[in-house]
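Undergrad: Just one file: upload-v5.txt, with compact mmCIF, C-alpha atoms.
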```
# COMPACT_ATOMS: atom_id res chain seq x y z
CA MET A 15 40.53 113.55 25.20
CA VAL A 16 37.14 112.85 26.67
CA ARG A 17 35.02 110.31 24.96
CA ILE A 18 31.44 109.75 26.00
CA VAL A 19 29.59 106.77 24.70
CA ILE A 20 25.97 106.40 25.63
CA GLY A 21 24.13 103.26 24.77
CA GLY A 22 26.71 101.90 22.36
CA ASP A 23 26.25 101.58 18.63
CA SER A 24 22.49 101.24 18.63
CA VAL A 25 22.09 104.92 19.58
CA LEU A 26 24.26 105.94 16.66
CA GLU A 27 22.34 103.62 14.38
CA ARG A 28 19.06 105.07 15.53
CA ALA A 29 20.40 108.58 15.06
CA ALA A 30 21.44 107.68 11.52
CA THR A 31 17.99 106.25 10.83
CA SER A 32 16.25 109.35 12.11
CA VAL A 33 18.47 111.55 9.95
CA GLU A 34 17.57 109.41 6.96
CA ILE A 35 13.88 109.67 7.76
CA ARG A 36 14.17 113.45 8.10
CA ASP A 37 15.99 113.62 4.75
CA GLU A 38 13.24 111.55 3.20
CA THR A 39 10.53 113.81 4.66
CA GLU A 40 12.36 116.92 3.52
CA SER A 41 12.80 115.67 -0.02
CA THR A 42 9.17 114.51 -0.17
CA LEU A 43 8.09 117.96 0.95
CA GLY A 44 10.51 119.39 -1.61
CA ALA A 45 8.78 117.49 -4.42
CA TYR A 46 5.37 118.58 -3.05
CA TRP A 47 6.36 122.25 -3.06
CA ALA A 48 8.04 121.95 -6.45
CA VAL A 49 4.77 120.67 -7.95
CA VAL A 50 2.63 123.29 -6.17
CA ARG A 51 4.90 126.14 -7.26
CA ARG A 52 5.11 124.93 -10.85
CA ASP A 53 1.35 124.44 -11.25
CA LEU A 54 0.57 127.85 -9.75
CA LEU A 55 3.15 129.40 -12.06
CA LEU A 56 1.53 127.68 -15.04
CA ALA A 57 -1.91 128.90 -13.90
CA ARG A 58 -0.55 132.44 -13.65
CA ARG A 59 0.90 132.24 -17.16
CA ARG A 60 -2.41 131.00 -18.60
CA ARG A 61 -4.63 133.44 -16.77
CA VAL A 62 -7.65 133.19 -19.08
CA GLU A 63 -7.73 129.42 -18.80
CA ALA A 64 -7.29 129.56 -15.04
CA LEU A 65 -10.07 132.10 -14.51
CA LEU A 66 -12.58 130.39 -16.80
CA PRO A 67 -14.25 128.43 -13.94
CA LEU A 68 -14.63 131.64 -11.97
CA GLY A 69 -16.25 133.30 -14.97
CA PHE A 70 -18.58 130.32 -15.40
CA PHE A 71 -19.49 130.44 -11.70
CA VAL A 72 -20.34 134.15 -11.76
CA VAL A 73 -22.26 134.01 -15.04
CA ALA A 74 -24.24 130.85 -14.19
CA ALA A 75 -25.16 132.13 -10.72
CA GLY A 76 -25.96 135.53 -12.21
CA LEU A 77 -28.39 134.02 -14.73
CA PHE A 78 -30.63 132.46 -12.06
CA PRO A 79 -32.25 135.69 -10.81
CA ILE A 80 -33.03 136.57 -14.44
CA GLY A 81 -34.53 133.16 -15.15
CA VAL A 82 -36.36 132.55 -11.88
CA GLY A 83 -37.63 136.08 -11.34
CA PRO A 84 -36.57 138.87 -9.02
CA GLU A 85 -38.72 138.05 -5.94
CA PRO A 86 -36.34 138.44 -2.97
CA GLN A 87 -38.06 135.70 -0.98
CA THR A 88 -37.61 133.09 -3.73
CA LEU A 89 -34.04 134.12 -4.42
CA ARG A 90 -33.06 133.90 -0.76
CA LEU A 91 -34.59 130.44 -0.63
CA ILE A 92 -32.78 129.04 -3.65
CA ALA A 93 -29.47 130.89 -3.17
CA PRO A 94 -27.48 128.27 -1.18
CA GLY A 95 -28.43 125.46 -3.53
CA VAL A 96 -27.86 127.49 -6.69
CA LEU A 97 -24.47 128.77 -5.55
CA TRP A 98 -23.36 125.34 -4.40
CA VAL A 99 -24.40 123.62 -7.63
CA CYS A 100 -22.76 126.35 -9.73
CA ALA A 101 -19.56 126.04 -7.67
CA LEU A 102 -19.70 122.26 -8.10
CA LEU A 103 -19.99 122.51 -11.88
CA ALA A 104 -17.37 125.28 -12.10
CA GLY A 105 -14.99 123.21 -9.99
CA MET A 106 -15.50 120.20 -12.26
CA LEU A 107 -14.81 122.37 -15.30
CA SER A 108 -11.20 123.01 -14.32
CA VAL A 109 -10.38 119.71 -12.71
CA THR A 110 -11.06 117.45 -15.71
CA GLN A 111 -7.82 118.48 -17.39
CA VAL A 112 -5.60 118.45 -14.32
CA PHE A 113 -3.35 115.63 -15.59
CA ALA A 114 -3.90 116.03 -19.34
CA GLY A 115 -1.08 118.54 -19.96
CA ASP A 116 1.45 116.54 -17.96
CA HIS A 117 0.35 113.38 -19.75
CA ALA A 118 0.76 114.99 -23.18
CA ASP A 119 4.28 116.37 -22.64
CA GLY A 120 5.72 113.46 -20.69
CA THR A 121 6.01 115.22 -17.32
CA LEU A 122 3.66 112.66 -15.82
CA GLU A 123 6.11 109.85 -16.64
CA GLN A 124 8.87 111.80 -14.91
CA MET A 125 6.58 112.20 -11.90
CA LEU A 126 6.01 108.44 -11.81
CA LEU A 127 9.77 107.88 -12.04
CA SER A 128 10.47 110.31 -9.23
CA ARG A 129 12.35 109.04 -6.19
CA HIS A 130 9.74 110.52 -3.90
CA GLY A 131 6.34 109.01 -3.46
CA LEU A 132 3.90 109.72 -6.24
CA VAL A 133 1.32 110.38 -3.51
CA SER A 134 3.05 113.57 -2.37
CA ILE A 135 3.29 114.78 -5.97
CA VAL A 136 -0.41 114.02 -6.51
CA PHE A 137 -1.17 115.88 -3.29
CA GLY A 138 0.78 118.84 -4.65
CA LYS A 139 -1.27 118.77 -7.84
CA ILE A 140 -4.52 118.74 -5.84
CA THR A 141 -3.32 121.63 -3.67
CA ALA A 142 -2.33 123.74 -6.65
CA GLN A 143 -5.60 122.90 -8.43
CA TRP A 144 -7.58 123.97 -5.38
CA LEU A 145 -5.59 127.19 -4.90
CA SER A 146 -6.03 128.22 -8.53
CA GLY A 147 -9.55 126.84 -9.12
CA GLY A 148 -11.33 126.52 -5.77
CA VAL A 149 -10.19 129.52 -3.76
CA PRO A 150 -11.34 132.10 -6.36
CA LEU A 151 -14.83 130.55 -6.21
CA VAL A 152 -14.89 130.92 -2.42
CA LEU A 153 -13.70 134.52 -2.71
CA ALA A 154 -16.41 135.38 -5.25
CA THR A 155 -19.18 133.81 -3.16
CA PRO A 156 -19.87 136.77 -0.80
CA LEU A 157 -20.53 139.01 -3.79
CA LEU A 158 -22.98 136.53 -5.33
CA GLY A 159 -24.56 135.99 -1.92
CA VAL A 160 -25.29 139.71 -1.69
CA GLN A 161 -26.76 139.54 -5.18
CA PHE A 162 -29.21 136.89 -3.98
CA GLY A 163 -30.10 138.96 -0.91
CA MET A 164 -28.71 136.48 1.61
CA SER A 165 -28.14 137.53 5.22
CA ALA A 166 -24.59 138.04 6.47
CA PRO A 167 -24.47 134.93 8.71
CA ALA A 168 -25.82 132.82 5.85
CA ILE A 169 -23.15 134.18 3.48
CA ALA A 170 -20.43 133.49 6.07
CA THR A 171 -21.68 129.92 6.50
CA LEU A 172 -21.89 129.43 2.74
CA CYS A 173 -18.28 130.59 2.35
CA LEU A 174 -17.19 128.27 5.13
CA THR A 175 -18.94 125.28 3.56
CA LEU A 176 -17.41 126.08 0.18
CA LEU A 177 -14.00 126.43 1.82
CA LEU A 178 -14.45 122.90 3.17
CA GLY A 179 -16.20 121.59 0.06
CA THR A 180 -14.03 122.83 -2.81
CA PRO A 181 -10.94 120.78 -1.76
CA VAL A 182 -13.22 117.73 -1.77
CA LEU A 183 -14.21 118.57 -5.35
CA SER A 184 -10.54 119.05 -6.32
CA ALA A 185 -9.58 115.69 -4.81
CA LEU A 186 -12.51 113.76 -6.30
CA GLY A 187 -12.18 115.54 -9.64
CA ALA A 188 -8.48 114.70 -9.80
CA LEU A 189 -9.39 111.07 -9.13
CA GLY A 190 -11.85 111.15 -12.02
CA ALA A 191 -9.29 112.84 -14.25
CA ALA A 192 -6.68 110.20 -13.38
CA LEU A 193 -9.10 107.36 -14.10
CA THR A 194 -10.11 108.75 -17.49
CA LEU A 195 -6.61 109.83 -18.53
CA GLY A 196 -6.01 109.34 -22.23
CA LEU A 197 -9.60 108.36 -22.98
CA ARG A 198 -11.58 110.09 -25.67
CA GLY A 199 -14.41 112.13 -24.18
CA GLY A 200 -12.75 111.80 -20.80
CA ALA A 201 -14.07 115.13 -19.54
CA ALA A 202 -17.69 114.02 -19.86
CA LEU A 203 -16.86 110.77 -18.08
CA VAL A 204 -15.29 112.72 -15.21
CA PHE A 205 -18.59 114.55 -14.74
CA LEU A 206 -20.50 111.27 -14.63
CA LEU A 207 -17.98 109.64 -12.29
CA VAL A 208 -17.43 112.46 -9.85
CA LEU A 209 -20.72 114.34 -9.53
CA PRO A 210 -22.50 111.45 -7.74
CA LEU A 211 -19.56 111.17 -5.33
CA ALA A 212 -19.76 114.91 -4.62
CA VAL A 213 -23.46 114.77 -3.67
CA PRO A 214 -22.77 114.38 0.10
CA ALA A 215 -20.72 117.59 0.05
CA LEU A 216 -23.60 119.34 -1.72
CA ILE A 217 -26.16 118.06 0.81
CA PHE A 218 -24.17 119.02 3.90
CA GLY A 219 -23.03 122.30 2.39
CA THR A 220 -26.50 123.57 1.55
CA GLY A 221 -27.87 121.96 4.72
CA ALA A 222 -25.51 124.05 6.86
CA VAL A 223 -26.70 127.28 5.26
CA GLY A 224 -30.31 126.20 5.62
CA ALA A 225 -29.77 125.43 9.31
CA VAL A 226 -28.24 128.87 9.93
CA GLU A 227 -31.11 130.57 8.15
CA ALA A 228 -33.61 128.57 10.23
CA GLY A 229 -31.88 129.82 13.37
CA MET A 230 -30.20 126.52 14.28
CA GLY A 231 -26.49 125.84 14.53
CA ALA A 232 -24.60 124.54 11.50
CA GLN A 233 -22.21 122.54 13.67
CA ALA A 234 -23.46 119.09 12.67
CA HIS A 235 -23.38 119.79 8.94
CA LEU A 236 -19.96 121.42 9.13
CA SER A 237 -18.56 118.49 11.11
CA LEU A 238 -19.84 116.02 8.55
CA LEU A 239 -18.47 118.14 5.72
CA GLY A 240 -15.13 118.31 7.53
CA ALA A 241 -15.12 114.55 7.97
CA PHE A 242 -15.87 114.13 4.27
CA LEU A 243 -12.97 116.48 3.46
CA ILE A 244 -10.55 114.48 5.62
CA PHE A 245 -11.77 111.25 4.06
CA ALA A 246 -11.36 112.63 0.52
CA LEU A 247 -7.91 114.10 1.16
CA LEU A 248 -6.63 110.91 2.77
CA GLY A 249 -8.26 108.49 0.37
CA ALA A 250 -7.98 110.22 -2.98
CA PRO A 251 -4.17 110.69 -3.39
CA PRO A 252 -3.25 106.98 -3.08
CA ALA A 253 -6.16 106.09 -5.37
CA ILE A 254 -5.06 108.73 -7.90
CA ALA A 255 -1.47 107.48 -7.75
CA ALA A 256 -2.67 103.93 -8.45
CA ALA A 257 -4.90 105.13 -11.31
CA LEU A 258 -2.01 107.06 -12.88
CA ARG A 259 0.26 104.02 -12.70
CA ILE A 260 -2.39 101.89 -14.40
CA SER A 261 -3.05 104.45 -17.13
CA LEU A 262 0.64 104.71 -18.04
CA GLU A 263 1.38 101.00 -18.08
CA MET B 2 13.46 126.38 -20.17
CA ALA B 3 15.53 126.86 -17.00
CA GLU B 4 12.30 126.60 -14.99
CA ALA B 5 11.30 123.35 -16.69
CA VAL B 6 14.75 121.77 -16.21
CA GLY B 7 14.84 122.98 -12.61
CA PHE B 8 11.40 121.51 -11.90
CA LEU B 9 12.38 118.11 -13.28
CA ALA B 10 15.57 118.23 -11.22
CA ARG B 11 13.65 119.02 -8.03
CA LEU B 12 11.20 116.24 -8.86
CA GLN B 13 14.15 113.85 -8.76
CA GLY B 14 15.40 115.34 -5.49
CA ALA B 15 18.34 117.19 -7.04
CA SER B 16 19.05 120.83 -6.42
CA SER B 17 18.14 123.28 -9.18
CA ASN B 18 20.99 125.66 -8.30
CA ARG B 19 23.24 124.28 -11.00
CA VAL B 20 20.71 124.53 -13.81
CA PRO B 21 22.16 127.72 -15.34
CA HIS B 22 25.64 126.20 -15.30
CA ALA B 23 24.45 122.95 -16.92
CA LEU B 24 22.59 124.87 -19.64
CA GLU B 25 25.68 126.96 -20.29
CA GLN B 26 27.90 123.89 -20.55
CA ILE B 27 25.73 122.34 -23.25
CA GLY B 28 25.43 125.66 -25.04
CA VAL B 29 21.80 126.71 -24.58
CA ALA B 30 22.32 129.41 -21.94
CA GLN B 31 20.93 132.04 -24.30
CA CYS B 32 17.50 130.35 -24.37
CA ALA B 33 17.31 129.68 -20.63
CA ASN B 34 14.45 132.17 -20.29
CA SER B 35 12.61 131.30 -23.51
CA PRO B 36 9.36 129.31 -23.44
CA VAL B 37 10.04 125.70 -24.43
CA ARG B 38 7.48 125.84 -27.27
CA GLN B 39 9.60 128.49 -29.04
CA LEU B 40 12.77 126.38 -29.00
CA SER B 41 14.05 124.29 -31.87
CA GLN B 42 14.21 120.50 -31.63
CA GLY B 43 17.97 120.58 -31.07
CA GLN B 44 17.71 123.16 -28.31
CA ARG B 45 15.03 121.14 -26.54
CA ARG B 46 17.17 118.06 -26.83
CA ARG B 47 20.15 119.78 -25.30
CA GLY B 48 17.91 121.17 -22.56
CA SER B 49 16.72 117.68 -21.66
CA LEU B 50 20.28 116.36 -21.74
CA ALA B 51 21.29 119.13 -19.31
CA ARG B 52 19.39 117.17 -16.66
CA LEU B 53 22.19 114.59 -16.77
CA ALA B 54 24.60 117.14 -15.33
CA LEU B 55 22.28 117.69 -12.36
CA ASP B 56 22.16 114.00 -11.45
CA ALA B 57 25.37 114.08 -9.45
CA GLU B 58 24.13 112.95 -6.09
CA ALA B 59 24.48 109.70 -4.23
CA PRO B 60 23.34 106.99 -4.59
CA VAL B 61 24.64 106.84 -8.14
CA ARG B 62 21.95 105.78 -10.56
CA PRO B 63 22.40 104.04 -13.89
CA TRP B 64 21.62 106.12 -16.97
CA ILE B 65 19.72 104.60 -19.88
CA LEU B 66 19.96 106.89 -22.91
CA ASP B 67 18.27 106.30 -26.24
CA GLU B 68 20.44 107.80 -28.99
CA PRO B 69 21.67 110.76 -26.93
CA TYR B 70 24.11 111.81 -29.68
CA ASP B 71 21.32 112.23 -32.20
CA ALA B 72 21.07 115.78 -33.64
CA LEU B 73 23.88 117.14 -31.50
CA ASP B 74 26.68 119.34 -32.83
CA GLN B 75 30.37 118.60 -32.22
CA SER B 76 30.83 120.65 -29.05
CA SER B 77 27.60 119.41 -27.42
CA SER B 78 28.64 115.83 -28.21
CA GLY B 79 31.93 116.54 -26.46
CA VAL B 80 30.13 117.89 -23.38
CA LEU B 81 27.83 114.85 -23.31
CA SER B 82 30.81 112.48 -23.56
CA HIS B 83 32.45 114.37 -20.72
CA TRP B 84 29.35 113.99 -18.53
CA ILE B 85 29.05 110.29 -19.31
CA GLU B 86 32.71 109.67 -18.49
CA ALA B 87 32.42 111.67 -15.26
CA HIS B 88 29.38 109.61 -14.33
CA ALA B 89 31.27 106.38 -15.03
CA GLN B 90 34.12 107.66 -12.87
CA ARG B 91 31.69 108.10 -9.97
CA GLY B 92 30.78 104.44 -10.37
CA GLY B 93 27.63 104.88 -12.42
CA ALA B 94 26.66 102.65 -15.30
CA VAL B 95 25.54 104.15 -18.61
CA LEU B 96 23.67 102.18 -21.25
CA LEU B 97 23.24 104.02 -24.52
CA THR B 98 22.39 103.35 -28.12
CA SER B 99 23.93 105.20 -31.03
CA HIS B 100 24.07 105.13 -34.81
CA GLN B 101 27.33 107.05 -34.89
CA THR B 102 30.68 105.81 -33.71
CA VAL B 103 31.21 107.03 -30.20
CA ALA B 104 34.57 107.05 -28.45
CA LEU B 105 34.26 106.83 -24.69
CA ARG B 106 36.71 105.61 -22.10
CA GLY B 107 35.90 102.20 -20.67
CA MET B 108 33.20 101.59 -23.26
CA ARG B 109 31.98 98.17 -24.33
CA THR B 110 30.23 97.97 -27.69
CA VAL B 111 27.47 95.52 -28.53
CA ASP B 112 26.43 95.30 -32.18
CA LEU B 113 22.66 94.95 -32.17
CA ASP B 114 22.54 94.00 -35.88
CA ALA B 115 23.39 90.42 -34.87
CA TRP B 116 20.07 90.18 -33.01
CA CYS B 117 18.09 91.95 -35.67
CA ALA B 118 14.89 90.14 -36.65
CA SER B 119 15.11 89.22 -40.32
```
Here is the file; what I need is its structure written in the form of structure tokens.
TA:
Amino acid sequence: MVRIVIGGDSVLERAATSVEIRDETESTLGAYWAVVRRDLLLARRRRVEALLPLGFFVVAAGLFPIGVGPEPQTLRLIAPGVLWVCALLAGMLSVTQVFAGDHADGTLEQMLLSRHGLVSIVFGKITAQWLSGGVPLVLATPLLGVQFGMSAPAIATLCLTLLLGTPVLSALGALGAALTLGLRGGAALVFLLVLPLAVPALIFGTGAVGAVEAGMGAQAHLSLLGAFLIFALLGAPPAIAAALRISLE
Amino acid sequence: MAEAVGFLARLQGASSNRVPHALEQIGVAQCANSPVRQLSQGQRRRGSLARLALDAEAPVRPWILDEPYDALDQSSSGVLSHWIEAHAQRGGAVLLTSHQTVALRGMRTVDLDAWCAS
């Protein structure tokens, strides 16, 4: 029998620790995917509810040319701002209720009791919310851009900024929803809480499109928007988890 | 209902493979694919109790059950007793309240009436 011992017990101990850490990561990821899959499944079952923000986005953006007048020059000028503001409001529309259902049927308590970190579960909720609420808005944007007579590079930039900006809205909106959980008139409060926080995303998002249309690069605006996205995605989940714990105490 | 029970099991880090078996044991296999809102109170209750059967992994956790025998028929009560005893055998503690007389192996009864506020 050949027995090889390298480094004594400490190696084995370290190996055991790393296995434990991997188990922990796997199970945390498992909880994350479980939440994402469940929320997307729920969104698919309630299709009308899930597509309401998209309908609002298309209708609101579609009303502007009627209200403002059909001059192509004016429309091209206001398009980035109008589309961004409409996307902002449509995004808020769906995010205000992100925790309400789970709160009502007790799932939220089970999430708080879960062995895995609440942060990963919250992150799963944000991801699912963005996939079902934010991505459709981004996909509908090119069509509305064409309606406003925007140029192709401007439309591409607008889509890119919305792709970076809608997760920010999902994260901030979920934070507002967590803070106002169980309050009467919570949805209106979420608007008041979150819209001011989302203003930087609006400024950089429309600024990028404006820069492209003026013939300059959108690099600076996109970088700032990206930084804002990273900040929101890193900062919001722990804050949401804390807010949920407070609201259920 | 199987989806809901499976989700709650995964949330706790358990595998959802044994969900159909657990639902069958407690006698609600026929409504595994029904939406929870269409189920009766008793069926929902048995569905939520089925989660106990999925909590079989280490480390063993204590169970705290508030009147688990409420609104259960004879056979479901038997299944629940079986699960509780199996859990105790694994070294898990179970704390439960009940209005009925329950016969479980290794059980200690505390009469709460003595501490009742008058």
Undergrad: Using all atoms listed in the file, list the residues that have an atom at most 12 Å from (32.2, 106.8, -14.0), coordinates as in the file, as a PyMOL selection string.
TA: chain B and resi 57+61-64+82-95+105-108
Undergrad: Give me the chain A side of the contact with chain B, cut-off 7 Å, one line per residue showing its nearest atom pair and distance in Å at one decimal, counting all atoms listed in the file, sorted by chain and residue number, as CSV.
TA:
```
residue,atom,partner,partner_atom,distance
A:Ser41,CA,B:Gly14,CA,6.1
A:Ala45,CA,B:Leu12,CA,5.2
A:Ala48,CA,B:Phe8,CA,6.4
A:Met125,CA,B:Leu12,CA,6.8
A:Ser128,CA,B:Gln13,CA,5.1
A:Arg129,CA,B:Gln13,CA,5.7
```
Undergrad: Pick out the closest residue to Glu25 in chain B from this set: B:Leu96, B:Leu73, B:Ala54, B:Ile65. Count only C-alpha atoms.
TA: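 Closest residue, counting only C-alpha atoms: B:Ala54.
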Undergrad: By how many Å are CA of Pro94 in chain A and CA of Thr220 in chain A apart?
TA: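 Value for the CA of Pro94 in chain A-CA of Thr220 in chain A distance: 5.5 Å.
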Undergrad: Residues around (-5.6, 104.4, -6.1), cut-off 12 Å, counting all atoms listed in the file - what are they as a PyMOL selection string?
TA: chain A and resi 132-133+136+186+188-190+192-193+248-261
Undergrad: For a test of reading the model, state the distance in Å between CA of Leu176 in chain A and CA of Val73 in chain A, rounded to one decimal.
TA: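 Straight-line distance from CA of Leu176 in chain A to CA of Val73 in chain A works out to 17.8 Å.
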Undergrad: Under the rule that only C-alpha atoms are counted, which of A:Asp119, A:Ala241, A:Ala225, A:Gly83 is the nearest residue to Arg38 in chain B?
TA: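 Ranked by minimum distance to Arg38 in chain B, first place goes to A:Asp119.
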Undergrad: Between CA of Phe71 in chain A and CA of Ala222 in chain A, what distance in Å does the model show, to one decimal?
TA: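 Taking CA of Phe71 in chain A and CA of Ala222 in chain A, their separation equals 20.5 Å.
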Undergrad: Considering only C-alpha atoms, state which residue in the set B:Ala118, B:Leu113, B:Leu40, B:Ala104 is at the smallest distance from Tyr70 in chain B.
TA: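 Under the stated criterion, the closest residue is B:Ala104.
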Undergrad: Please determine, counting all atoms listed in the file, which residue among B:Ala3, B:Val111, B:Val80, B:Ala72 has the shortest atom-to-atom distance to Val37 in chain B.
TA: B:Ala3
Undergrad: For Pro36 in chain B, which residue among B:Leu97, B:Leu66, B:Val6, B:Val103 is the nearest when counting all atoms listed in the file?
TA: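 For Pro36 in chain B, the nearest of the given residues is B:Val6.
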Undergrad: Using only C-alpha atoms, which of A:Leu107, A:Glu123, A:Phe78, A:Gly147 sits nearest Arg58 in chain A?
TA: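 For Arg58 in chain A, the nearest of the given residues is A:Gly147.
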Undergrad: With 4 Å of padding per side, what axis-aligned box (centre and edge lengths, Å, one decimal) covers all the listed atoms of range 76-85 of chain A? Give it as AutoDock Vina command-line options.
TA:
```
--center_x -32.3 --center_y 135.7 --center_z -10.5 --size_x 20.8 --size_y 14.4 --size_z 17.2
```
Undergrad: Skip Pro69 in chain B itself and residues of its chain fewer than 4 positions away, then list as a list of chain:residue names all residues within 9 Å of it, counting all atoms listed in the file.
TA: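 Everything that qualifies: B:Arg46, B:Leu50, B:Leu73, B:Ser78, B:Leu81, B:Leu97, B:Thr98, B:Ser99.
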Undergrad: Selection from above, C-alpha atoms, as a compact mmCIF listing (two decimals), keeping the file's coordinate frame, can you write it?
TA:
```
# COMPACT_ATOMS: atom_id res chain seq x y z
CA ARG B 46 17.17 118.06 -26.83
CA LEU B 50 20.28 116.36 -21.74
CA LEU B 73 23.88 117.14 -31.50
CA SER B 78 28.64 115.83 -28.21
CA LEU B 81 27.83 114.85 -23.31
CA LEU B 97 23.24 104.02 -24.52
CA THR B 98 22.39 103.35 -28.12
CA SER B 99 23.93 105.20 -31.03
```
